[in-house]
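Input: a single structure, listed below in structure tokens.
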Amino acid sequence: MNILVLNCGSSSLKFQLIATDLERIEQNADQRLAHGMIERIGGAAILNFAVEGKTAEKSAAPIRDIPSALEAVIRWISAQSIEGVNNLGDIDAVGHRVVHGGEYFSQSVLINDEVLRAIEDCIELAPLHNPANIKGIQAVKEIFGKAIPQAAVFDTAFHQTLPEKAFLYAIPYQLYRRHKIRRYGFHGTSHRYIAYRYRTTNHIPRERVNVITLHLGNGCSIAAIKNGNSIDTSMGLTPLEGLVMGTRSGDLDAAILELVGAKEGLTIHETVMLLNKQSGLLGISGLTNDMRELLAEAEESDDRRAKLAIEIFCYRVGKYIGAYLAAMNGTDTIIFGGGIGENSAKIRSLICENLKWFGIALDETENSAHVGGREGTISTEDSRTKVCVIPTNEELLIARDTVRLIHGKI
Ligand code: ADP
């Protein structure tokens, strides 16, 4: 089957076209055929598309909205000579990344009117993301027709196994009852993929998976996975909580909102935007949200604030690992994923420096060798806890879930 995987954001659309079916899933033989993204939808958009194994094509065009963006993707796919994909009819199903499934969804589902209503219900929990996801679902209906199967794969679903003690905030309980104010967690598809990949490559049954997974990208989160289930994670009601991220602050004292608002003359909404868009690595360094650039600044210019941003980032990750080691009563493996986690031996090394007390030790030769998508173990043989790198692949999991749902296997 050819599955189109869509990730629709407020001003961007990312896609992958993946050939997979039950047999290929079993054999880990799925094949990515094409991928790409359109950024700055709503104005002069930038399109970046690539057929697998060929050089990417970059172009610019005015693109009004998500339906127009999807049309541009379909037009481009149809114009390529991709084996088995000549026109719209050769795309068998569409899988969507949906950010917020609230308490409605603990797994992926095929989309029908009832599911769509529940996703709409979660808009107030993810006002920037869910409306774009819904637009993507509706655009597919219009362009492909109502009959095409569409699946929703939620960022929050994997974390629905969190126990109350982990998901409730210590605020009046009525706020949870009345408004569903609680921690949901995000990046669930990534944490689930990493845990899945770990257990299949190591031949461990799901219920014996006890790992800490780290998704360190532009957004960053960590999950404690015990007996195969997520029992705690660092993001909360929204993706703002937890680790230091590219532009998000992560954990802070909520009283900051009032004080910063009063001092800087900002509304609550503006202050929350400041915490989401101008904080984190960018806010501390005053330079960039990009970890690679920060590492270069620290190395080449000895920039104090670049170094500080890196230090705070790694310190926070280390603290969370320590907390989750306690929450889980110890773990078998700590697994790094996400753009930073998969590529930066330096950051992994700095994080693990703070974990020596736990008997965690990296083999620096292996650590340096596991970059650029290389999967494997980076801890020493006698490290008390194993440390691994597993490149994440949320799109693959979305494509596979779509296939499984169509065959009634979920
Ligand atoms: P997203 O969370 O948006 O999917 P990614 O997972 O692609 O983002 O991660 C982006 C982050 O990964 C950026 O901060 C980028 O600088 C960082 N990154 C990518 N390659 C490297 C590298 N070689 N060294 C350090 N950081 C890197």
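Labels for the structure tokens follow display order: chains A, B, ..., residues from 1 in each chain, ligands from 1.
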What are the closest atom pairs, with distances in Å to one decimal, for each residue of chain A lying within 8 Å of ligand 1, using only C-alpha atoms and all ligand atoms, rows by chain and rising residue number, as CSV?
residue,atom,partner,partner_atom_place_in_ligand_line,distance
A:His215,CA,ligand 1,6 (O),7.6
A:Leu216,CA,ligand 1,6 (O),6.5
A:Gly217,CA,ligand 1,9 (O),3.3
A:Asn218,CA,ligand 1,2 (O),3.7
A:Gly219,CA,ligand 1,2 (O),4.6
A:Cys220,CA,ligand 1,2 (O),6.8
A:Gly246,CA,ligand 1,14 (O),6.3
A:Asn289,CA,ligand 1,14 (O),6.3
A:Asp290,CA,ligand 1,14 (O),3.8
A:Met291,CA,ligand 1,16 (O),3.8
A:Arg292,CA,ligand 1,25 (C),3.9
A:Glu293,CA,ligand 1,16 (O),6.4
A:Leu294,CA,ligand 1,16 (O),7.9
A:Leu295,CA,ligand 1,25 (C),6.9
A:Gly337,CA,ligand 1,6 (O),7.9
A:Gly338,CA,ligand 1,6 (O),4.1
A:Gly339,CA,ligand 1,9 (O),3.3
A:Ile340,CA,ligand 1,12 (O),4.0
A:Gly341,CA,ligand 1,12 (O),7.5
A:Glu342,CA,ligand 1,20 (N),7.6
A:Asn343,CA,ligand 1,23 (N),4.4
A:Ser344,CA,ligand 1,24 (N),4.1
A:Ala345,CA,ligand 1,24 (N),7.6
A:Lys346,CA,ligand 1,24 (N),7.9
A:Ile347,CA,ligand 1,25 (C),7.5
A:Val371,CA,ligand 1,23 (N),7.3
A:Gly372,CA,ligand 1,23 (N),7.3
**OP:** Find the residues near Arg384 (chain A): any atom within 9 Å, counting only C-alpha atoms, skip ones fewer than 5 places away on the same chain, and give them as a PyMOL selection string.
**Re:** chain A and resi 332+358-361
Store the residues picked out above, limited to N, CA and C atoms, as a tab-separated table (two decimals), in the first residue's frame.
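Generated file (part32.tsv):
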chain	number	residue	atom	x	y	z
A	332	ASP	N	16.68	-0.12	32.49
A	332	ASP	CA	17.65	-0.96	31.78
A	332	ASP	C	18.50	-0.13	30.82
A	358	PHE	N	25.34	7.26	39.17
A	358	PHE	CA	24.48	6.09	38.92
A	358	PHE	C	25.25	4.95	38.27
A	359	GLY	N	26.54	5.14	38.06
A	359	GLY	CA	27.35	4.10	37.42
A	359	GLY	C	27.17	4.09	35.91
A	360	ILE	N	26.72	5.24	35.36
A	360	ILE	CA	26.51	5.31	33.91
A	360	ILE	C	27.78	5.86	33.26
A	361	ALA	N	28.34	5.12	32.31
A	361	ALA	CA	29.58	5.57	31.68
A	361	ALA	C	29.49	5.38	30.16
Subject >> Pick from A:Pro149, A:Pro62, A:Gly36, A:Pro67 nearest to Met1 (chain A), counting only C-alpha atoms >> reply: A:Pro149
**OP:** Could you please write out, as a ChimeraX atom specification, every residue of region 124-287 of chain A that DSSP assigns to helix (DSSP H, G or I)?
**Re:** /A:124-125,130-144,157-161,164-167,173-179,188-201,206-208,255-264,268-277,280-285
Original post:
Quick one: residues within 9 Å of region 3-17 of chain A, only C-alpha atoms counted, chain neighbours fewer than 5 positions away excluded, as a PyMOL selection string?
Top reply: chain A and resi 31-42+45+65-66+69-70+73+77+91-98+128-136+395-396+398-400+402-403
**OP:** Find the residues around Ser78 (chain A) up to 6 Å (only C-alpha atoms counted), leave out those fewer than 3 positions away in its own chain, and share them as a ChimeraX atom specification.
**Re:** /A:75,86-87
Hey, can you spit out that residue selection with all heavy atoms as a PDB file, in the first residue's frame?
ATOM      1  N   ARG A  75       0.119  17.344  -6.946  1.00  0.00           N
ATOM      2  CA  ARG A  75       0.560  17.664  -8.318  1.00  0.00           C
ATOM      3  C   ARG A  75       1.997  17.228  -8.520  1.00  0.00           C
ATOM      4  O   ARG A  75       2.362  16.616  -9.509  1.00  0.00           O
ATOM      5  CB  ARG A  75       0.458  19.173  -8.567  1.00  0.00           C
ATOM      6  CG  ARG A  75      -0.698  19.574  -9.454  1.00  0.00           C
ATOM      7  CD  ARG A  75      -0.536  20.976 -10.020  1.00  0.00           C
ATOM      8  NE  ARG A  75       0.003  21.973  -9.121  1.00  0.00           N
ATOM      9  CZ  ARG A  75      -0.714  22.667  -8.242  1.00  0.00           C
ATOM     10  NH1 ARG A  75      -2.024  22.483  -8.155  1.00  0.00           N
ATOM     11  NH2 ARG A  75      -0.146  23.566  -7.451  1.00  0.00           N
ATOM     12  N   ASN A  86       1.270   6.705  -9.949  1.00  0.00           N
ATOM     13  CA  ASN A  86       1.132   7.529 -11.152  1.00  0.00           C
ATOM     14  C   ASN A  86       0.070   8.604 -11.012  1.00  0.00           C
ATOM     15  O   ASN A  86       0.143   9.634 -11.651  1.00  0.00           O
ATOM     16  CB  ASN A  86       0.808   6.640 -12.359  1.00  0.00           C
ATOM     17  CG  ASN A  86       1.931   5.638 -12.572  1.00  0.00           C
ATOM     18  OD1 ASN A  86       3.104   6.004 -12.578  1.00  0.00           O
ATOM     19  ND2 ASN A  86       1.577   4.363 -12.702  1.00  0.00           N
ATOM     20  N   ASN A  87      -0.910   8.332 -10.190  1.00  0.00           N
ATOM     21  CA  ASN A  87      -1.949   9.350  -9.975  1.00  0.00           C
ATOM     22  C   ASN A  87      -2.542   9.213  -8.576  1.00  0.00           C
ATOM     23  O   ASN A  87      -2.127   8.346  -7.799  1.00  0.00           O
ATOM     24  CB  ASN A  87      -3.030   9.241 -11.061  1.00  0.00           C
ATOM     25  CG  ASN A  87      -3.576   7.813 -11.104  1.00  0.00           C
ATOM     26  OD1 ASN A  87      -3.920   7.250 -10.061  1.00  0.00           O
ATOM     27  ND2 ASN A  87      -3.625   7.223 -12.291  1.00  0.00           N
TER      28      ASN A  87
END
Original post:
So which one's closest to Gly89 (chain A), A:Gly236, A:Ile148, A:Lys226, A:Ser379? Using only C-alpha atoms, please.
Top reply: A:Ile148
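Here the question is which of A:Thr20, A:Ala79, A:Ser190, A:Ala296 gets nearest to Phe49 (chain A) using only C-alpha atoms, and that residue is A:Ala79.
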**OP:** With a distance cut-off of 10 Å and only C-alpha atoms, select the neighbouring residues of Glu381 (chain A), excluding the residue or stretch itself and same-chain residues fewer than 5 positions from it, and output the selection as a PyMOL selection string.
**Re:** chain A and resi 361-363+386
